[in-house]
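Asks: Take a look at this one; I'll ask things after.
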Amino acid sequence: MPNEKQTTLARIRAGQSGIVVQVQGGHGLVNRLGALGIIPGKRITKISSMLMRGPVTVEVDRTRVAIGFGMASKILVQLDDEPTK
Amino acid sequence: MKILLMGNPNVGKSVLFSRLTGVRVIVSNYPGTTVSYTRGLMKLGDETAEVIDVPGTYTLEPTCEAEEVALQMLHTGDVVINVVNATNLERNLYLTLQLLEKGVPVIVALNMWDDTKHQGIDINLDKLRELLGVPVIPTVAVTGQGIKELVENIPKATSPRLPLRRRDECWAAIGSIINQVQHVTHRHHTWRERLSDASVKPLSGGIIALAVLAVSFIVIRFVAEGLIGYVFEPLFNNLWAPVLMRLSDLLQGGGFLHDIVIGRLVNGEVNFVQSFGLLSSGLYVPFAMVLPYVTSFYLVLGLLEDVGYLPRLAVLMDTIMHRLGLHGYAIIPTLLGLGCNVPAILATRILESKRERFIAATLISIAVPCAALQAMIFGLVGERGAQYIAIVYGTLFVVWIILGTILRYAVRGFTPELLVEIPPYRLPLWRAMLQKLWMRVYGFLVEAIPVILGAVLVINILYFFGVFEAIANFTAPVVTNFLGLPKEAVTAIVIGFLRKDVALGMLAPLALSAKQLVVGSVVLAMFFPCIATFVVLLRELGVVNMLKSAGIMISAALITGGILNLVL
């Protein structure tokens, strides 16, 4: 049931990580994010997000990138399995 | 021969450039400063080669203006030095592979090589050379390590002419290279990384931002006041004043020439603020009142840039800036504007849409006072009490917010979202920082001094022939009734077009009340940009938008001045 754990980068909590599944956007967006290393298959960790739909900061490939909330909502992520609490 | 330095933003390209050429260049941490490229010369064997610092780019499929420039420049080069961040090989190799497809000889500088060790990254250089098919030289641009070897190997640069690949094929190839050459061992998060993360979280980030801004402000004032109190005031009062007094005697203490060169004596003495002659106020205002603030402001700004703090401020400010129709990155030109509006408006180029550039440039010209004007506000308004300075700044801030909100709805177009790399905190290279500070201060002196002296000269001549009195009488109804200022203040407002610091200085001899001084300062700050800013605005916005922007400035200044006059 992998799809149950799929969500967008905008929705996950700070500190959670997962694998990028898909960038749901046009050629331009895919290209811009791709250049920064955000491509399907990449491991991505959310560092923080600003209040009120502010930008999301993530770590990918050992670098940090700040992404606007709208773009972050278009990045589909497969969350890691977390131990049940 | 033409050598191109190409690489992602924030890989130390500019530092490497200054190592290779020894030429003064701007080196800083945020993407955008290198959009206008830098060139220099270097010795290569017996011949002299031209080196070009190409704007930072992630890909050769351009996604922004800077990358388009980079792609265009690629076709003009004979050799490419591809600067790669060794601690982030995977992403950097994307550009490398694209370069290797192009048929231009490439040599790779694996920069920040020293950082790989403390980050637990092990890179097999021989294997990487074999897989890429070009020379790969580890370098540390900041210390100069590996630079000699890099230069020696430039003639060995080659092009393997890799076949053209699709994007996913390219990433697959990179994955395979990484698997073969890179081995990462576990590492601990360093304190710098913890601090880095804390500065982009809402609560801790906000606290850090406030602390950074407060400390910056204190340091700027401390350094500037120190320079004024211990260096420039003693110099002028003890050394320059006696010289001027002797000159005044030679000119018989009055007359046309005396008024222009020395100005009017106050109680038989030269008064550097009020005399308003070429050699009195004309030198004192730029050197003793403005230069210290300009210097200390750029010192602090340069430090913030090179440490890499500014992109974090952009992330924190993004939500607020969107309410003004801008995105977080617009905070950088805005901060620059607190130094001088001219580089600030040039820096609005880092914003992507026309709409953003218009809003940012207009807001900067209206509500962001430059260091020269601020120095005069502190000097003149501050005499009457700190609360009046607070009123001036508070008013400008409220204007910034309200006008920004209006423009957000009034100006058509869209504001793209923030997408920016957050570089790690870095210890700045002092040499590069001081070079940059010198360039900026020198730029101020070269631009400002002739205009200030010219302005003082023109004012004195026009004054002598009574031109200002005519203008003052003509505009008196608006100025006196609406703004509550004496009609002589019109002269200052007109002069504000040449230099705002000089203009505010002209209010000094008018014996204004504190309230009038506040209204005068605010109106001067908002009314119209100084001539240098005006020229840049015209170039960046075009005639039509410049006229719109100017219309907004004049109406906003009159409305705000009128309101202040009513409520204070």
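How things are named: the first chain in the structure tokens is A, the next is B, and so on; residues count from 1 in each chain; ligands count from 1 in the order shown.
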Enumerate as a PDB file with N, CA and C atoms, in the first residue's frame the residues belonging to chain B that approach chain A to within 8 Å, with only C-alpha atoms taken into account.
Replies:
```pdb
ATOM      1  N   TYR B  58      22.914  26.419 -12.869  1.00  0.00           N
ATOM      2  CA  TYR B  58      22.721  25.018 -12.493  1.00  0.00           C
ATOM      3  C   TYR B  58      22.643  24.119 -13.716  1.00  0.00           C
ATOM      4  N   THR B  59      22.245  24.705 -14.842  1.00  0.00           N
ATOM      5  CA  THR B  59      21.975  23.890 -16.016  1.00  0.00           C
ATOM      6  C   THR B  59      22.208  24.700 -17.282  1.00  0.00           C
ATOM      7  N   GLU B  61      20.144  24.313 -19.755  1.00  0.00           N
ATOM      8  CA  GLU B  61      18.804  24.563 -20.277  1.00  0.00           C
ATOM      9  C   GLU B  61      18.296  25.745 -19.457  1.00  0.00           C
ATOM     10  N   THR B  63      16.897  28.501 -17.130  1.00  0.00           N
ATOM     11  CA  THR B  63      15.652  28.666 -16.394  1.00  0.00           C
ATOM     12  C   THR B  63      15.513  30.104 -15.905  1.00  0.00           C
ATOM     13  N   THR B  87      31.667  19.068  -2.028  1.00  0.00           N
ATOM     14  CA  THR B  87      30.792  18.515  -1.001  1.00  0.00           C
ATOM     15  C   THR B  87      29.393  18.249  -1.545  1.00  0.00           C
ATOM     16  N   ASN B  88      29.159  18.597  -2.795  1.00  0.00           N
ATOM     17  CA  ASN B  88      27.842  18.361  -3.379  1.00  0.00           C
ATOM     18  C   ASN B  88      28.022  17.927  -4.822  1.00  0.00           C
ATOM     19  N   GLU B  90      27.056  15.397  -6.594  1.00  0.00           N
ATOM     20  CA  GLU B  90      25.962  14.872  -7.389  1.00  0.00           C
ATOM     21  C   GLU B  90      25.246  15.966  -8.179  1.00  0.00           C
ATOM     22  N   ARG B  91      24.832  17.037  -7.475  1.00  0.00           N
ATOM     23  CA  ARG B  91      24.104  18.069  -8.183  1.00  0.00           C
ATOM     24  C   ARG B  91      25.005  18.848  -9.138  1.00  0.00           C
ATOM     25  N   TYR B  94      25.679  17.605 -12.815  1.00  0.00           N
ATOM     26  CA  TYR B  94      24.664  17.786 -13.853  1.00  0.00           C
ATOM     27  C   TYR B  94      25.149  18.812 -14.883  1.00  0.00           C
ATOM     28  N   ASP B 197      20.111  25.768  10.248  1.00  0.00           N
ATOM     29  CA  ASP B 197      18.720  25.310  10.273  1.00  0.00           C
ATOM     30  C   ASP B 197      17.870  26.185  11.182  1.00  0.00           C
ATOM     31  N   VAL B 200      16.249  29.343   9.685  1.00  0.00           N
ATOM     32  CA  VAL B 200      15.111  29.318   8.754  1.00  0.00           C
ATOM     33  C   VAL B 200      13.870  28.712   9.390  1.00  0.00           C
ATOM     34  N   LYS B 201      13.862  28.560  10.732  1.00  0.00           N
ATOM     35  CA  LYS B 201      12.641  28.110  11.406  1.00  0.00           C
ATOM     36  C   LYS B 201      11.905  29.337  11.918  1.00  0.00           C
ATOM     37  N   PRO B 202      10.559  29.278  11.904  1.00  0.00           N
ATOM     38  CA  PRO B 202       9.807  30.507  12.190  1.00  0.00           C
ATOM     39  C   PRO B 202      10.223  31.194  13.495  1.00  0.00           C
ATOM     40  N   VAL B 315      14.020  34.066   3.138  1.00  0.00           N
ATOM     41  CA  VAL B 315      13.047  33.026   3.488  1.00  0.00           C
ATOM     42  C   VAL B 315      12.112  33.531   4.581  1.00  0.00           C
ATOM     43  N   LEU B 316      12.688  34.171   5.607  1.00  0.00           N
ATOM     44  CA  LEU B 316      11.880  34.658   6.731  1.00  0.00           C
ATOM     45  C   LEU B 316      10.911  35.747   6.294  1.00  0.00           C
ATOM     46  N   ASP B 318       9.656  36.235   3.333  1.00  0.00           N
ATOM     47  CA  ASP B 318       8.880  35.915   2.134  1.00  0.00           C
ATOM     48  C   ASP B 318       7.385  36.170   2.305  1.00  0.00           C
ATOM     49  N   THR B 319       6.816  35.698   3.419  1.00  0.00           N
ATOM     50  CA  THR B 319       5.375  35.846   3.620  1.00  0.00           C
ATOM     51  C   THR B 319       4.982  37.321   3.667  1.00  0.00           C
ATOM     52  N   GLU B 417       7.111  32.485  -7.197  1.00  0.00           N
ATOM     53  CA  GLU B 417       7.432  32.038  -5.849  1.00  0.00           C
ATOM     54  C   GLU B 417       8.929  32.001  -5.609  1.00  0.00           C
ATOM     55  N   LEU B 418       9.249  31.967  -4.330  1.00  0.00           N
ATOM     56  CA  LEU B 418      10.653  31.898  -3.936  1.00  0.00           C
ATOM     57  C   LEU B 418      11.221  30.519  -4.267  1.00  0.00           C
ATOM     58  N   LEU B 419      12.413  30.490  -4.850  1.00  0.00           N
ATOM     59  CA  LEU B 419      13.123  29.226  -5.007  1.00  0.00           C
ATOM     60  C   LEU B 419      14.597  29.566  -4.936  1.00  0.00           C
ATOM     61  N   VAL B 420      15.218  29.245  -3.819  1.00  0.00           N
ATOM     62  CA  VAL B 420      16.591  29.715  -3.643  1.00  0.00           C
ATOM     63  C   VAL B 420      17.399  28.728  -2.819  1.00  0.00           C
ATOM     64  N   GLU B 421      18.649  28.582  -3.211  1.00  0.00           N
ATOM     65  CA  GLU B 421      19.535  27.738  -2.428  1.00  0.00           C
ATOM     66  C   GLU B 421      19.959  28.492  -1.170  1.00  0.00           C
ATOM     67  N   ILE B 422      20.002  27.777  -0.046  1.00  0.00           N
ATOM     68  CA  ILE B 422      20.472  28.388   1.195  1.00  0.00           C
ATOM     69  C   ILE B 422      21.901  27.905   1.407  1.00  0.00           C
ATOM     70  N   PRO B 423      22.900  28.733   1.085  1.00  0.00           N
ATOM     71  CA  PRO B 423      24.278  28.256   1.210  1.00  0.00           C
ATOM     72  C   PRO B 423      24.638  28.068   2.685  1.00  0.00           C
ATOM     73  N   PRO B 424      25.589  27.177   2.972  1.00  0.00           N
ATOM     74  CA  PRO B 424      26.001  27.037   4.368  1.00  0.00           C
ATOM     75  C   PRO B 424      26.655  28.320   4.853  1.00  0.00           C
TER      76      PRO B 424
END
```
Asks: Based on the backbone DSSP call, show me all residues of range 31-76 of chain A assigned strand (DSSP E or B), as a list of chain:residue names.
Replies: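 So, restricting range 31-76 of chain A to strand (DSSP E or B), we get A:Arg43, A:Ile44, A:Thr45, A:Lys46, A:Ile47, A:Ser48, A:Ser49, A:Val56, A:Thr57, A:Val58, A:Glu59, A:Val60, A:Thr63, A:Arg64, A:Val65, A:Ala66, A:Ile67, A:Ile75, A:Leu76.
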Asks: For the atom pair CA of Ile493 in chain B and CA of Val266 in chain B, what is the interatomic distance in Å to one decimal place?
Replies: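 A separation of 23.1 Å between them.
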Asks: Which value, in Å to one decimal, gives the distance between CA of Leu537 in chain B and CA of Ala361 in chain B?
Replies: 7.4 Å
Asks: If we count only C-alpha atoms and set the cut-off at 7 Å, which residues sit around Pro163 in chain B, ignoring sequence neighbours fewer than 2 positions away in its own chain? Please answer as a list in words.
Replies: Glu101, Arg161 and Arg165 of chain B
Asks: Please dump the current selection as a PDB file, in the first residue's frame; keep N, CA and C atoms.
Replies:
```pdb
ATOM      1  N   GLU B 101      29.161  17.685 -23.140  1.00  0.00           N
ATOM      2  CA  GLU B 101      28.490  17.380 -24.412  1.00  0.00           C
ATOM      3  C   GLU B 101      28.789  18.427 -25.477  1.00  0.00           C
ATOM      4  N   ARG B 161      33.349  15.092 -25.755  1.00  0.00           N
ATOM      5  CA  ARG B 161      32.175  15.121 -26.637  1.00  0.00           C
ATOM      6  C   ARG B 161      31.211  13.977 -26.347  1.00  0.00           C
ATOM      7  N   ARG B 165      22.234  13.599 -24.146  1.00  0.00           N
ATOM      8  CA  ARG B 165      21.379  12.713 -23.362  1.00  0.00           C
ATOM      9  C   ARG B 165      20.130  13.428 -22.897  1.00  0.00           C
TER      10      ARG B 165
END
```
Asks: From the list B:Glu447, B:Leu524, B:Glu149, B:Leu235, which residue is nearest Leu558 in chain B when using only C-alpha atoms?
Replies: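 Of B:Glu447, B:Leu524, B:Glu149, B:Leu235, the one nearest Leu558 in chain B is B:Leu524, counting only C-alpha atoms.
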Asks: Based on the backbone DSSP call, show me all residues of chain A assigned alpha helix (DSSP H), as a short mmCIF file (atom, residue, chain, number, x, y, z; two decimals) with C-alpha atoms, in the first residue's frame.
Replies:
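result16.cif, written as the output of this step:
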```cif
data_model
loop_
_atom_site.label_atom_id
_atom_site.label_comp_id
_atom_site.auth_asym_id
_atom_site.auth_seq_id
_atom_site.Cartn_x
_atom_site.Cartn_y
_atom_site.Cartn_z
CA HIS A 27 8.20 21.72 -18.06
CA GLY A 28 9.51 24.96 -16.55
CA LEU A 29 8.93 23.90 -12.95
CA VAL A 30 10.31 20.39 -13.48
CA ASN A 31 13.39 21.94 -15.05
CA ARG A 32 14.01 24.52 -12.32
CA LEU A 33 13.56 22.06 -9.47
CA GLY A 34 15.56 19.44 -11.35
CA ALA A 35 18.51 21.80 -11.66
CA PHE A 69 4.68 26.92 -0.64
CA GLY A 70 2.87 26.58 -3.96
CA MET A 71 5.79 24.76 -5.57
CA ALA A 72 6.21 22.59 -2.49
#
```
Asks: Can you pull out the residues contacting Leu76 in chain A? Cut-off 6 Å, using only C-alpha atoms, and skip same-chain residues under 4 positions away; I want them as a ChimeraX atom specification.
Replies: /A:7-8,21-22
Asks: Within 7 Å of Glu50 in chain B, counting only C-alpha atoms, which residues show up once you throw out same-chain ones fewer than 4 positions away? Write them as JSON, numbers by chain, please.
Replies: {"B": [1, 2, 3, 40, 41, 42]}
Asks: Would you mind telling me which residue in B:Leu512, B:Gly133, B:Ile332, B:Arg312 lies nearest to Ser204 in chain B when using only C-alpha atoms?
Replies: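 Distance minimum relative to Ser204 in chain B lands on B:Arg312.
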Asks: Quick one: pull the distance between CA of Ala241 in chain B and CA of Phe378 in chain B, Å, one decimal.
Replies: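 Between CA of Ala241 in chain B and CA of Phe378 in chain B the gap works out to 23.1 Å.
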Asks: Within 10 Å of Met506 in chain B, counting only C-alpha atoms, which residues qualify if same-chain residues fewer than 5 places away don't, as a ChimeraX atom specification?
Replies: /B:273-276,281,488-489,491-493,495-496,500-501
Asks: Got a sec: who's within 8 Å of Ser73 in chain A, counting only C-alpha atoms, leaving out chain neighbours fewer than 5 positions off, as a ChimeraX atom specification?
Replies: /A:8-11
Asks: Go through B:Gly253, B:Gln180, B:Leu210, B:Tyr284 one by one, measure the shortest atom-to-atom distance of each to Lys127 in chain B using only C-alpha atoms, and give the residue with the smallest value.
Replies: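 Of the candidates, the smallest distance to Lys127 in chain B is held by B:Gln180.
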